[in-house]
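Text of the file coords_22.cif, holding mmCIF, N, CA and C atoms:
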data_my_file
loop_
_atom_site.label_atom_id
_atom_site.label_comp_id
_atom_site.auth_asym_id
_atom_site.auth_seq_id
_atom_site.Cartn_x
_atom_site.Cartn_y
_atom_site.Cartn_z
N THR K 1 -3.42 -28.24 -32.15
CA THR K 1 -3.55 -26.87 -31.69
C THR K 1 -2.98 -26.71 -30.29
N THR K 2 -2.60 -25.50 -29.99
CA THR K 2 -2.03 -25.18 -28.68
C THR K 2 -3.15 -24.81 -27.71
N PRO K 3 -3.12 -25.37 -26.50
CA PRO K 3 -4.14 -24.99 -25.51
C PRO K 3 -4.08 -23.49 -25.21
N GLU K 4 -5.24 -22.91 -24.96
CA GLU K 4 -5.32 -21.47 -24.72
C GLU K 4 -4.46 -21.02 -23.56
N GLU K 5 -4.38 -21.83 -22.50
CA GLU K 5 -3.62 -21.40 -21.33
C GLU K 5 -2.13 -21.26 -21.62
N LEU K 6 -1.62 -21.96 -22.62
CA LEU K 6 -0.21 -21.82 -22.98
C LEU K 6 0.05 -20.46 -23.63
N ALA K 7 -0.93 -19.95 -24.34
CA ALA K 7 -0.77 -18.63 -24.96
C ALA K 7 -0.62 -17.55 -23.89
N LEU K 8 -1.23 -17.75 -22.73
CA LEU K 8 -1.12 -16.77 -21.65
C LEU K 8 0.32 -16.59 -21.19
N THR K 9 1.12 -17.64 -21.22
CA THR K 9 2.51 -17.50 -20.81
C THR K 9 3.25 -16.54 -21.74
N ASP K 10 2.95 -16.61 -23.03
CA ASP K 10 3.56 -15.68 -23.98
C ASP K 10 3.10 -14.25 -23.73
N PHE K 11 1.80 -14.09 -23.46
CA PHE K 11 1.28 -12.75 -23.17
C PHE K 11 1.91 -12.18 -21.90
N ASN K 12 2.00 -13.01 -20.87
CA ASN K 12 2.60 -12.56 -19.62
C ASN K 12 4.08 -12.20 -19.80
N ALA K 13 4.78 -12.98 -20.60
CA ALA K 13 6.19 -12.69 -20.86
C ALA K 13 6.33 -11.36 -21.60
N ALA K 14 5.48 -11.13 -22.59
CA ALA K 14 5.52 -9.88 -23.34
C ALA K 14 5.20 -8.69 -22.44
N LEU K 15 4.22 -8.86 -21.58
CA LEU K 15 3.85 -7.80 -20.65
C LEU K 15 5.01 -7.52 -19.70
N GLY K 16 5.65 -8.58 -19.20
CA GLY K 16 6.80 -8.41 -18.30
C GLY K 16 7.94 -7.66 -18.97
N LEU K 17 8.21 -7.98 -20.23
CA LEU K 17 9.28 -7.28 -20.95
C LEU K 17 8.94 -5.80 -21.13
N ALA K 18 7.69 -5.51 -21.43
CA ALA K 18 7.28 -4.11 -21.59
C ALA K 18 7.42 -3.36 -20.27
N GLN K 19 7.07 -4.02 -19.17
CA GLN K 19 7.18 -3.36 -17.87
C GLN K 19 8.64 -3.18 -17.46
N LEU K 20 9.50 -4.11 -17.83
CA LEU K 20 10.92 -3.96 -17.51
C LEU K 20 11.53 -2.74 -18.19
N LYS K 21 11.08 -2.46 -19.40
CA LYS K 21 11.59 -1.27 -20.10
C LYS K 21 11.24 0.01 -19.36
N ASP K 22 10.08 0.01 -18.70
CA ASP K 22 9.63 1.20 -17.97
C ASP K 22 10.00 1.17 -16.49
N LEU K 23 10.73 0.15 -16.05
CA LEU K 23 11.02 -0.02 -14.63
C LEU K 23 11.70 1.19 -13.98
N PRO K 24 12.76 1.75 -14.56
CA PRO K 24 13.40 2.90 -13.89
C PRO K 24 12.45 4.08 -13.66
N SER K 25 11.66 4.43 -14.66
CA SER K 25 10.74 5.55 -14.49
C SER K 25 9.59 5.18 -13.54
N SER K 26 9.18 3.92 -13.57
CA SER K 26 8.13 3.46 -12.66
C SER K 26 8.60 3.55 -11.21
N LEU K 27 9.81 3.08 -10.93
CA LEU K 27 10.34 3.14 -9.57
C LEU K 27 10.54 4.59 -9.11
N GLU K 28 10.97 5.45 -10.03
CA GLU K 28 11.15 6.86 -9.69
C GLU K 28 9.81 7.51 -9.32
N ARG K 29 8.77 7.22 -10.09
CA ARG K 29 7.43 7.77 -9.82
C ARG K 29 6.91 7.26 -8.48
N ARG K 30 7.09 5.97 -8.23
CA ARG K 30 6.63 5.40 -6.96
C ARG K 30 7.38 6.01 -5.79
N SER K 31 8.67 6.22 -5.95
CA SER K 31 9.49 6.82 -4.90
C SER K 31 9.01 8.24 -4.60
N GLU K 32 8.70 8.98 -5.65
CA GLU K 32 8.20 10.35 -5.49
C GLU K 32 6.86 10.34 -4.74
N LEU K 33 5.96 9.44 -5.14
CA LEU K 33 4.66 9.35 -4.47
C LEU K 33 4.83 8.94 -3.01
N GLU K 34 5.72 8.00 -2.77
CA GLU K 34 5.98 7.54 -1.41
C GLU K 34 6.48 8.70 -0.54
N SER K 35 7.37 9.49 -1.06
CA SER K 35 7.92 10.62 -0.33
C SER K 35 6.83 11.65 -0.01
N ARG K 36 6.00 11.94 -1.00
CA ARG K 36 4.92 12.91 -0.79
C ARG K 36 3.92 12.40 0.25
N CYS K 37 3.61 11.12 0.18
CA CYS K 37 2.67 10.54 1.14
C CYS K 37 3.27 10.54 2.54
N ALA K 38 4.53 10.18 2.65
CA ALA K 38 5.20 10.15 3.95
C ALA K 38 5.21 11.54 4.59
N SER K 39 5.40 12.57 3.79
CA SER K 39 5.41 13.93 4.35
C SER K 39 4.03 14.32 4.88
N GLN K 40 2.98 13.81 4.27
CA GLN K 40 1.63 14.09 4.77
C GLN K 40 1.36 13.34 6.06
N VAL K 41 1.78 12.08 6.12
CA VAL K 41 1.57 11.29 7.34
C VAL K 41 2.39 11.88 8.49
N ALA K 42 3.54 12.44 8.20
CA ALA K 42 4.39 13.05 9.24
C ALA K 42 3.68 14.20 9.94
N ARG K 43 2.69 14.78 9.28
CA ARG K 43 1.93 15.89 9.87
C ARG K 43 0.85 15.41 10.82
N THR K 44 0.66 14.08 10.91
CA THR K 44 -0.40 13.51 11.73
C THR K 44 0.19 12.79 12.94
N ARG K 45 -0.65 12.16 13.70
CA ARG K 45 -0.17 11.37 14.85
C ARG K 45 0.14 9.94 14.44
N HIS K 46 -0.08 9.60 13.19
CA HIS K 46 0.18 8.26 12.67
C HIS K 46 1.64 8.16 12.20
N SER K 47 2.04 6.98 11.81
CA SER K 47 3.42 6.80 11.33
C SER K 47 3.45 5.89 10.11
N VAL K 48 4.61 5.84 9.50
CA VAL K 48 4.81 5.05 8.29
C VAL K 48 5.62 3.82 8.65
N LEU K 49 5.22 2.69 8.12
CA LEU K 49 5.98 1.46 8.32
C LEU K 49 7.26 1.58 7.50
N SER K 50 8.39 1.50 8.18
CA SER K 50 9.65 1.67 7.48
C SER K 50 10.57 0.48 7.73
N GLN K 51 11.63 0.44 7.00
CA GLN K 51 12.58 -0.65 7.06
C GLN K 51 13.97 -0.07 7.29
N PRO K 52 14.31 0.30 8.51
CA PRO K 52 15.60 0.94 8.75
C PRO K 52 16.78 0.01 8.48
N GLU K 53 17.81 0.58 7.90
CA GLU K 53 19.08 -0.10 7.66
C GLU K 53 18.98 -1.31 6.73
N GLU K 54 17.90 -1.49 6.05
CA GLU K 54 17.78 -2.63 5.16
C GLU K 54 17.34 -2.23 3.76
N GLY K 55 17.57 -1.02 3.37
CA GLY K 55 17.17 -0.61 2.04
C GLY K 55 15.78 -0.03 2.02
N VAL K 56 15.14 -0.12 0.86
CA VAL K 56 13.83 0.47 0.68
C VAL K 56 12.76 -0.62 0.63
N LEU K 57 11.53 -0.23 0.90
CA LEU K 57 10.41 -1.15 0.78
C LEU K 57 10.16 -1.45 -0.70
N GLY K 58 9.33 -2.42 -0.96
CA GLY K 58 9.05 -2.83 -2.33
C GLY K 58 8.28 -1.80 -3.14
N ARG K 59 7.72 -0.83 -2.47
CA ARG K 59 6.96 0.23 -3.13
C ARG K 59 5.80 -0.29 -3.96
N ILE K 60 5.12 -1.32 -3.47
CA ILE K 60 3.92 -1.78 -4.15
C ILE K 60 2.68 -1.21 -3.47
N ALA K 61 2.85 -0.73 -2.24
CA ALA K 61 1.78 -0.09 -1.49
C ALA K 61 2.41 0.82 -0.45
N PHE K 62 1.60 1.70 0.12
CA PHE K 62 2.09 2.63 1.13
C PHE K 62 1.46 2.25 2.48
N PRO K 63 2.24 1.63 3.38
CA PRO K 63 1.69 1.20 4.68
C PRO K 63 1.73 2.31 5.73
N VAL K 64 0.60 2.50 6.41
CA VAL K 64 0.50 3.51 7.47
C VAL K 64 0.10 2.80 8.75
N ILE K 65 0.84 3.08 9.82
CA ILE K 65 0.51 2.53 11.13
C ILE K 65 -0.35 3.56 11.84
N LEU K 66 -1.55 3.18 12.12
CA LEU K 66 -2.54 4.10 12.69
C LEU K 66 -2.47 4.14 14.20
N GLU K 67 -2.78 5.29 14.75
CA GLU K 67 -2.94 5.44 16.19
C GLU K 67 -4.41 5.41 16.56
N SER K 68 -5.26 5.22 15.55
CA SER K 68 -6.71 5.14 15.76
C SER K 68 -7.21 3.86 15.10
N GLY K 69 -8.51 3.72 15.05
CA GLY K 69 -9.10 2.52 14.48
C GLY K 69 -8.92 2.41 12.97
N MET K 70 -8.65 1.19 12.52
CA MET K 70 -8.47 0.96 11.10
C MET K 70 -9.78 1.16 10.33
N ARG K 71 -10.87 0.73 10.92
CA ARG K 71 -12.16 0.82 10.23
C ARG K 71 -12.48 2.27 9.85
N GLU K 72 -12.28 3.18 10.78
CA GLU K 72 -12.57 4.59 10.53
C GLU K 72 -11.66 5.16 9.44
N ALA K 73 -10.41 4.76 9.44
CA ALA K 73 -9.47 5.24 8.42
C ALA K 73 -9.85 4.74 7.03
N ILE K 74 -10.25 3.48 6.94
CA ILE K 74 -10.65 2.92 5.65
C ILE K 74 -11.92 3.59 5.14
N ILE K 75 -12.87 3.81 6.03
CA ILE K 75 -14.10 4.51 5.64
C ILE K 75 -13.78 5.92 5.18
N HIS K 76 -12.92 6.62 5.90
CA HIS K 76 -12.51 7.98 5.54
C HIS K 76 -11.89 8.00 4.14
N ALA K 77 -11.01 7.05 3.87
CA ALA K 77 -10.36 6.98 2.56
C ALA K 77 -11.38 6.71 1.46
N LYS K 78 -12.23 5.75 1.67
CA LYS K 78 -13.22 5.38 0.64
C LYS K 78 -14.21 6.51 0.37
N LYS K 79 -14.58 7.26 1.41
CA LYS K 79 -15.47 8.41 1.21
C LYS K 79 -14.85 9.44 0.28
N ASN K 80 -13.53 9.48 0.27
CA ASN K 80 -12.80 10.43 -0.57
C ASN K 80 -12.27 9.81 -1.86
N GLY K 81 -12.72 8.59 -2.16
CA GLY K 81 -12.35 7.95 -3.41
C GLY K 81 -10.96 7.33 -3.44
N VAL K 82 -10.40 7.03 -2.26
CA VAL K 82 -9.08 6.43 -2.18
C VAL K 82 -9.21 5.01 -1.64
N GLU K 83 -8.57 4.09 -2.31
CA GLU K 83 -8.60 2.70 -1.88
C GLU K 83 -7.68 2.52 -0.68
N ALA K 84 -8.16 1.79 0.31
CA ALA K 84 -7.34 1.46 1.49
C ALA K 84 -7.77 0.08 1.96
N ALA K 85 -6.80 -0.67 2.47
CA ALA K 85 -7.10 -2.04 2.91
C ALA K 85 -6.18 -2.43 4.07
N PRO K 86 -6.67 -3.33 4.92
CA PRO K 86 -5.80 -3.81 6.01
C PRO K 86 -4.54 -4.47 5.44
N ALA K 87 -3.40 -4.15 6.01
CA ALA K 87 -2.13 -4.66 5.49
C ALA K 87 -1.93 -6.14 5.78
N PHE K 88 -2.37 -6.58 6.94
CA PHE K 88 -2.10 -7.95 7.37
C PHE K 88 -3.37 -8.77 7.51
N GLU K 89 -4.33 -8.48 6.66
CA GLU K 89 -5.64 -9.13 6.73
C GLU K 89 -5.54 -10.65 6.63
N ARG K 90 -4.64 -11.16 5.82
CA ARG K 90 -4.52 -12.61 5.62
C ARG K 90 -3.40 -13.24 6.44
N ALA K 91 -2.75 -12.46 7.27
CA ALA K 91 -1.66 -12.99 8.07
C ALA K 91 -2.19 -13.87 9.20
N VAL K 92 -1.38 -14.81 9.62
CA VAL K 92 -1.77 -15.71 10.71
C VAL K 92 -2.13 -14.93 11.96
N VAL K 93 -1.39 -13.89 12.24
CA VAL K 93 -1.61 -13.11 13.45
C VAL K 93 -2.97 -12.40 13.44
N SER K 94 -3.58 -12.22 12.27
CA SER K 94 -4.89 -11.57 12.18
C SER K 94 -6.05 -12.52 12.42
N ASN K 95 -5.77 -13.80 12.50
CA ASN K 95 -6.81 -14.78 12.78
C ASN K 95 -7.30 -14.57 14.21
N PRO K 96 -8.62 -14.46 14.40
CA PRO K 96 -9.14 -14.22 15.75
C PRO K 96 -8.72 -15.28 16.76
N GLU K 97 -8.41 -16.47 16.30
CA GLU K 97 -8.01 -17.55 17.21
C GLU K 97 -6.51 -17.53 17.53
N PHE K 98 -5.77 -16.63 16.91
CA PHE K 98 -4.34 -16.54 17.19
C PHE K 98 -4.14 -16.06 18.61
N PRO K 99 -3.30 -16.74 19.40
CA PRO K 99 -3.07 -16.31 20.80
C PRO K 99 -2.25 -15.02 20.85
N ALA K 100 -2.92 -13.91 21.06
CA ALA K 100 -2.28 -12.60 21.02
C ALA K 100 -1.15 -12.45 22.02
N GLY K 101 -1.19 -13.19 23.10
CA GLY K 101 -0.15 -13.08 24.12
C GLY K 101 1.22 -13.54 23.64
N ILE K 102 1.25 -14.37 22.61
CA ILE K 102 2.52 -14.86 22.09
C ILE K 102 3.30 -13.75 21.40
N CYS K 103 2.62 -12.98 20.61
CA CYS K 103 3.25 -11.89 19.84
C CYS K 103 2.38 -10.63 19.95
N PRO K 104 2.35 -9.99 21.11
CA PRO K 104 1.45 -8.83 21.26
C PRO K 104 1.76 -7.68 20.32
N SER K 105 3.03 -7.45 20.03
CA SER K 105 3.38 -6.35 19.12
C SER K 105 2.91 -6.66 17.70
N ALA K 106 3.04 -7.91 17.29
CA ALA K 106 2.60 -8.29 15.95
C ALA K 106 1.09 -8.18 15.83
N LYS K 107 0.37 -8.60 16.84
CA LYS K 107 -1.09 -8.50 16.84
C LYS K 107 -1.51 -7.04 16.76
N SER K 108 -0.87 -6.18 17.54
CA SER K 108 -1.18 -4.76 17.53
C SER K 108 -0.91 -4.15 16.15
N LEU K 109 0.22 -4.49 15.57
CA LEU K 109 0.56 -3.97 14.25
C LEU K 109 -0.46 -4.43 13.20
N ALA K 110 -0.85 -5.69 13.27
CA ALA K 110 -1.82 -6.23 12.31
C ALA K 110 -3.16 -5.51 12.40
N LEU K 111 -3.51 -5.05 13.58
CA LEU K 111 -4.78 -4.36 13.78
C LEU K 111 -4.72 -2.87 13.43
N ARG K 112 -3.51 -2.34 13.22
CA ARG K 112 -3.37 -0.89 13.01
C ARG K 112 -2.70 -0.50 11.70
N CYS K 113 -2.28 -1.45 10.88
CA CYS K 113 -1.56 -1.10 9.66
C CYS K 113 -2.49 -1.20 8.44
N VAL K 114 -2.60 -0.11 7.73
CA VAL K 114 -3.46 -0.04 6.55
C VAL K 114 -2.61 0.32 5.33
N LEU K 115 -2.98 -0.24 4.19
CA LEU K 115 -2.24 0.01 2.94
C LEU K 115 -3.00 0.97 2.04
N PHE K 116 -2.26 1.86 1.42
CA PHE K 116 -2.78 2.77 0.41
C PHE K 116 -2.08 2.44 -0.90
N PRO K 117 -2.72 2.70 -2.03
CA PRO K 117 -2.10 2.35 -3.32
C PRO K 117 -0.84 3.17 -3.58
N LEU K 118 0.10 2.53 -4.24
CA LEU K 118 1.34 3.21 -4.59
C LEU K 118 1.82 2.61 -5.91
N HIS K 119 1.31 3.15 -6.99
CA HIS K 119 1.76 2.67 -8.30
C HIS K 119 1.94 3.85 -9.23
N ASP K 120 2.70 3.62 -10.28
CA ASP K 120 3.09 4.72 -11.15
C ASP K 120 1.96 5.23 -12.04
N ARG K 121 0.83 4.59 -12.05
CA ARG K 121 -0.29 5.03 -12.88
C ARG K 121 -1.26 5.96 -12.15
N ILE K 122 -0.95 6.27 -10.90
CA ILE K 122 -1.79 7.21 -10.15
C ILE K 122 -1.58 8.59 -10.75
N SER K 123 -2.69 9.23 -11.12
CA SER K 123 -2.59 10.55 -11.73
C SER K 123 -2.22 11.59 -10.68
N SER K 124 -1.85 12.77 -11.14
CA SER K 124 -1.51 13.87 -10.21
C SER K 124 -2.70 14.23 -9.35
N ALA K 125 -3.89 14.25 -9.94
CA ALA K 125 -5.10 14.58 -9.18
C ALA K 125 -5.38 13.51 -8.13
N GLU K 126 -5.22 12.25 -8.50
CA GLU K 126 -5.43 11.15 -7.55
C GLU K 126 -4.40 11.21 -6.43
N ALA K 127 -3.17 11.55 -6.77
CA ALA K 127 -2.11 11.66 -5.76
C ALA K 127 -2.44 12.78 -4.77
N ARG K 128 -2.92 13.91 -5.26
CA ARG K 128 -3.29 15.02 -4.38
C ARG K 128 -4.43 14.60 -3.44
N THR K 129 -5.40 13.87 -3.97
CA THR K 129 -6.51 13.39 -3.15
C THR K 129 -6.00 12.45 -2.07
N MET K 130 -5.11 11.54 -2.45
CA MET K 130 -4.57 10.60 -1.48
C MET K 130 -3.76 11.34 -0.40
N GLU K 131 -2.99 12.35 -0.80
CA GLU K 131 -2.24 13.14 0.17
C GLU K 131 -3.18 13.83 1.15
N LYS K 132 -4.28 14.36 0.64
CA LYS K 132 -5.27 15.02 1.49
C LYS K 132 -5.87 14.02 2.48
N VAL K 133 -6.18 12.83 1.99
CA VAL K 133 -6.74 11.78 2.87
C VAL K 133 -5.73 11.41 3.95
N LEU K 134 -4.48 11.22 3.57
CA LEU K 134 -3.44 10.85 4.53
C LEU K 134 -3.25 11.94 5.59
N ALA K 135 -3.32 13.18 5.17
CA ALA K 135 -3.11 14.30 6.10
C ALA K 135 -4.29 14.48 7.07
N THR K 136 -5.43 13.90 6.71
CA THR K 136 -6.63 14.08 7.55
C THR K 136 -7.15 12.77 8.11
N LEU K 137 -6.30 11.76 8.18
CA LEU K 137 -6.74 10.47 8.75
C LEU K 137 -7.24 10.66 10.16
N PRO K 138 -8.37 10.02 10.48
CA PRO K 138 -8.90 10.15 11.85
C PRO K 138 -8.00 9.44 12.87
#
Could you quickly redo this structure as structure tokens?
Amino acid sequence: TTPEELALTDFNAALGLAQLKDLPSSLERRSELESRCASQVARTRHSVLSQPEEGVLGRIAFPVILESGMREAIIHAKKNGVEAAPAFERAVVSNPEFPAGICPSAKSLALRCVLFPLHDRISSAEARTMEKVLATLP
């Protein structure tokens, strides 16, 4: 008999093929959501993490650089039913023992960048809620 874990490779391959078929529409939906979210953040004092002159971001999440505390922004999002998480939580620069003087800009960014979900399965109602949260970030 075949070990159960080997069957997972077949399932993962089948899932990957199914997702590849939907890739163009998935990327289009994510791009649309990203644009709508960016327009809401533009109305605030916060900014969007961007990648100038190097193409587009991976569109797996929507990163926002806060001008206020990350904790308050995450609480605000969760109160409104929107998932938010620190972008660089597991990065070396986020370790409390990391010498901040070496890379002060990186340390500052790690403390102020929060991620919001950006996937093609977000409903229109969920997208509107997320836009409202982004437009009213503390």
Can you work out the spacing between atom C of Pro52 (chain K) and CA of Ser31 (chain K) in Å, to one decimal?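 Atom-to-atom, atom C of Pro52 (chain K) and CA of Ser31 (chain K) are spaced 16.7 Å apart.
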Would you mind telling me which residue in K:Thr9, K:Glu83, K:Leu15, K:Arg45 lies nearest to Thr136 (chain K) when using only C-alpha atoms?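 Smallest distance to Thr136 (chain K) is found for K:Arg45.
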Quick check on the file I pasted: which residues fall under the PyMOL selection byres ((chain K and resi 134) around 8)? Write them as a JSON list (two decimals) with N, CA and C atoms, in the frame of the given file.
[["chain", "number", "residue", "atom", "x", "y", "z"],
["K", 37, "CYS", "N", 3.61, 11.12, 0.18],
["K", 37, "CYS", "CA", 2.67, 10.54, 1.14],
["K", 37, "CYS", "C", 3.27, 10.54, 2.54],
["K", 39, "SER", "N", 5.40, 12.57, 3.79],
["K", 39, "SER", "CA", 5.41, 13.93, 4.35],
["K", 39, "SER", "C", 4.03, 14.32, 4.88],
["K", 40, "GLN", "N", 2.98, 13.81, 4.27],
["K", 40, "GLN", "CA", 1.63, 14.09, 4.77],
["K", 40, "GLN", "C", 1.36, 13.34, 6.06],
["K", 41, "VAL", "N", 1.78, 12.08, 6.12],
["K", 41, "VAL", "CA", 1.57, 11.29, 7.34],
["K", 41, "VAL", "C", 2.39, 11.88, 8.49],
["K", 42, "ALA", "N", 3.54, 12.44, 8.20],
["K", 42, "ALA", "CA", 4.39, 13.05, 9.24],
["K", 42, "ALA", "C", 3.68, 14.20, 9.94],
["K", 43, "ARG", "N", 2.69, 14.78, 9.28],
["K", 43, "ARG", "CA", 1.93, 15.89, 9.87],
["K", 43, "ARG", "C", 0.85, 15.41, 10.82],
["K", 44, "THR", "N", 0.66, 14.08, 10.91],
["K", 44, "THR", "CA", -0.40, 13.51, 11.73],
["K", 44, "THR", "C", 0.19, 12.79, 12.94],
["K", 77, "ALA", "N", -11.01, 7.05, 3.87],
["K", 77, "ALA", "CA", -10.36, 6.98, 2.56],
["K", 77, "ALA", "C", -11.38, 6.71, 1.46],
["K", 128, "ARG", "N", -2.92, 13.91, -5.26],
["K", 128, "ARG", "CA", -3.29, 15.02, -4.38],
["K", 128, "ARG", "C", -4.43, 14.60, -3.44],
["K", 129, "THR", "N", -5.40, 13.87, -3.97],
["K", 129, "THR", "CA", -6.51, 13.39, -3.15],
["K", 129, "THR", "C", -6.00, 12.45, -2.07],
["K", 130, "MET", "N", -5.11, 11.54, -2.45],
["K", 130, "MET", "CA", -4.57, 10.60, -1.48],
["K", 130, "MET", "C", -3.76, 11.34, -0.40],
["K", 131, "GLU", "N", -2.99, 12.35, -0.80],
["K", 131, "GLU", "CA", -2.24, 13.14, 0.17],
["K", 131, "GLU", "C", -3.18, 13.83, 1.15],
["K", 132, "LYS", "N", -4.28, 14.36, 0.64],
["K", 132, "LYS", "CA", -5.27, 15.02, 1.49],
["K", 132, "LYS", "C", -5.87, 14.02, 2.48],
["K", 133, "VAL", "N", -6.18, 12.83, 1.99],
["K", 133, "VAL", "CA", -6.74, 11.78, 2.87],
["K", 133, "VAL", "C", -5.73, 11.41, 3.95],
["K", 135, "ALA", "N", -3.32, 13.18, 5.17],
["K", 135, "ALA", "CA", -3.11, 14.30, 6.10],
["K", 135, "ALA", "C", -4.29, 14.48, 7.07],
["K", 136, "THR", "N", -5.43, 13.90, 6.71],
["K", 136, "THR", "CA", -6.63, 14.08, 7.55],
["K", 136, "THR", "C", -7.15, 12.77, 8.11],
["K", 137, "LEU", "N", -6.30, 11.76, 8.18],
["K", 137, "LEU", "CA", -6.74, 10.47, 8.75],
["K", 137, "LEU", "C", -7.24, 10.66, 10.16],
["K", 138, "PRO", "N", -8.37, 10.02, 10.48],
["K", 138, "PRO", "CA", -8.90, 10.15, 11.85],
["K", 138, "PRO", "C", -8.00, 9.44, 12.87]]
Considering all atoms listed in the file, can you say which of K:Ala38, K:Ala14, K:Leu8, K:Leu27 comes closest to Arg59 (chain K)?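 Using all atoms listed in the file, the shortest distance to Arg59 (chain K) belongs to K:Leu27.
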Length of the atom N of Ala18 (chain K) to CA of Leu115 (chain K) vector [Å]: 26.9 Å
Evaluate the PyMOL selection byres (((chain K and resi 32 and name CA) around 12) and name CA) and record the selected residues as a ChimeraX atom specification, following the chain and residue labels used in the document. /K:25-31,33-39,59,62,118-120,122,124,127
Selected residues, N, CA and C atoms, written as a PDB file, in the coordinates of the input, please.
ATOM      1  N   SER K  25      11.660   4.430 -14.660  1.00  0.00           N
ATOM      2  CA  SER K  25      10.740   5.550 -14.490  1.00  0.00           C
ATOM      3  C   SER K  25       9.590   5.180 -13.540  1.00  0.00           C
ATOM      4  N   SER K  26       9.180   3.920 -13.570  1.00  0.00           N
ATOM      5  CA  SER K  26       8.130   3.460 -12.660  1.00  0.00           C
ATOM      6  C   SER K  26       8.600   3.550 -11.210  1.00  0.00           C
ATOM      7  N   LEU K  27       9.810   3.080 -10.930  1.00  0.00           N
ATOM      8  CA  LEU K  27      10.340   3.140  -9.570  1.00  0.00           C
ATOM      9  C   LEU K  27      10.540   4.590  -9.110  1.00  0.00           C
ATOM     10  N   GLU K  28      10.970   5.450 -10.030  1.00  0.00           N
ATOM     11  CA  GLU K  28      11.150   6.860  -9.690  1.00  0.00           C
ATOM     12  C   GLU K  28       9.810   7.510  -9.320  1.00  0.00           C
ATOM     13  N   ARG K  29       8.770   7.220 -10.090  1.00  0.00           N
ATOM     14  CA  ARG K  29       7.430   7.770  -9.820  1.00  0.00           C
ATOM     15  C   ARG K  29       6.910   7.260  -8.480  1.00  0.00           C
ATOM     16  N   ARG K  30       7.090   5.970  -8.230  1.00  0.00           N
ATOM     17  CA  ARG K  30       6.630   5.400  -6.960  1.00  0.00           C
ATOM     18  C   ARG K  30       7.380   6.010  -5.790  1.00  0.00           C
ATOM     19  N   SER K  31       8.670   6.220  -5.950  1.00  0.00           N
ATOM     20  CA  SER K  31       9.490   6.820  -4.900  1.00  0.00           C
ATOM     21  C   SER K  31       9.010   8.240  -4.600  1.00  0.00           C
ATOM     22  N   LEU K  33       5.960   9.440  -5.140  1.00  0.00           N
ATOM     23  CA  LEU K  33       4.660   9.350  -4.470  1.00  0.00           C
ATOM     24  C   LEU K  33       4.830   8.940  -3.010  1.00  0.00           C
ATOM     25  N   GLU K  34       5.720   8.000  -2.770  1.00  0.00           N
ATOM     26  CA  GLU K  34       5.980   7.540  -1.410  1.00  0.00           C
ATOM     27  C   GLU K  34       6.480   8.700  -0.540  1.00  0.00           C
ATOM     28  N   SER K  35       7.370   9.490  -1.060  1.00  0.00           N
ATOM     29  CA  SER K  35       7.920  10.620  -0.330  1.00  0.00           C
ATOM     30  C   SER K  35       6.830  11.650  -0.010  1.00  0.00           C
ATOM     31  N   ARG K  36       6.000  11.940  -1.000  1.00  0.00           N
ATOM     32  CA  ARG K  36       4.920  12.910  -0.790  1.00  0.00           C
ATOM     33  C   ARG K  36       3.920  12.400   0.250  1.00  0.00           C
ATOM     34  N   CYS K  37       3.610  11.120   0.180  1.00  0.00           N
ATOM     35  CA  CYS K  37       2.670  10.540   1.140  1.00  0.00           C
ATOM     36  C   CYS K  37       3.270  10.540   2.540  1.00  0.00           C
ATOM     37  N   ALA K  38       4.530  10.180   2.650  1.00  0.00           N
ATOM     38  CA  ALA K  38       5.200  10.150   3.950  1.00  0.00           C
ATOM     39  C   ALA K  38       5.210  11.540   4.590  1.00  0.00           C
ATOM     40  N   SER K  39       5.400  12.570   3.790  1.00  0.00           N
ATOM     41  CA  SER K  39       5.410  13.930   4.350  1.00  0.00           C
ATOM     42  C   SER K  39       4.030  14.320   4.880  1.00  0.00           C
ATOM     43  N   ARG K  59       7.720  -0.830  -2.470  1.00  0.00           N
ATOM     44  CA  ARG K  59       6.960   0.230  -3.130  1.00  0.00           C
ATOM     45  C   ARG K  59       5.800  -0.290  -3.960  1.00  0.00           C
ATOM     46  N   PHE K  62       1.600   1.700   0.120  1.00  0.00           N
ATOM     47  CA  PHE K  62       2.090   2.630   1.130  1.00  0.00           C
ATOM     48  C   PHE K  62       1.460   2.250   2.480  1.00  0.00           C
ATOM     49  N   LEU K 118       0.100   2.530  -4.240  1.00  0.00           N
ATOM     50  CA  LEU K 118       1.340   3.210  -4.590  1.00  0.00           C
ATOM     51  C   LEU K 118       1.820   2.610  -5.910  1.00  0.00           C
ATOM     52  N   HIS K 119       1.310   3.150  -6.990  1.00  0.00           N
ATOM     53  CA  HIS K 119       1.760   2.670  -8.300  1.00  0.00           C
ATOM     54  C   HIS K 119       1.940   3.850  -9.230  1.00  0.00           C
ATOM     55  N   ASP K 120       2.700   3.620 -10.280  1.00  0.00           N
ATOM     56  CA  ASP K 120       3.090   4.720 -11.150  1.00  0.00           C
ATOM     57  C   ASP K 120       1.960   5.230 -12.040  1.00  0.00           C
ATOM     58  N   ILE K 122      -0.950   6.270 -10.900  1.00  0.00           N
ATOM     59  CA  ILE K 122      -1.790   7.210 -10.150  1.00  0.00           C
ATOM     60  C   ILE K 122      -1.580   8.590 -10.750  1.00  0.00           C
ATOM     61  N   SER K 124      -1.850  12.770 -11.140  1.00  0.00           N
ATOM     62  CA  SER K 124      -1.510  13.870 -10.210  1.00  0.00           C
ATOM     63  C   SER K 124      -2.700  14.230  -9.350  1.00  0.00           C
ATOM     64  N   ALA K 127      -3.170  11.550  -6.770  1.00  0.00           N
ATOM     65  CA  ALA K 127      -2.110  11.660  -5.760  1.00  0.00           C
ATOM     66  C   ALA K 127      -2.440  12.780  -4.770  1.00  0.00           C
TER      67      ALA K 127
END
Those in region 34-119 of chain K with strand (DSSP E) from DSSP, as a ChimeraX atom specification: /K:47-48,61-65,85-86,113-117
Residues at most 6.5 Å from region 93-95 of chain K, counting only N, CA and C atoms, excluding those fewer than 4 positions away in the same chain, as a count of residues only? 5
CA of Ala87 (chain K) to atom N of Ile75 (chain K), distance in Å rounded to a single decimal: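 Spanning CA of Ala87 (chain K) to atom N of Ile75 (chain K) is a straight-line distance of 13.7 Å.
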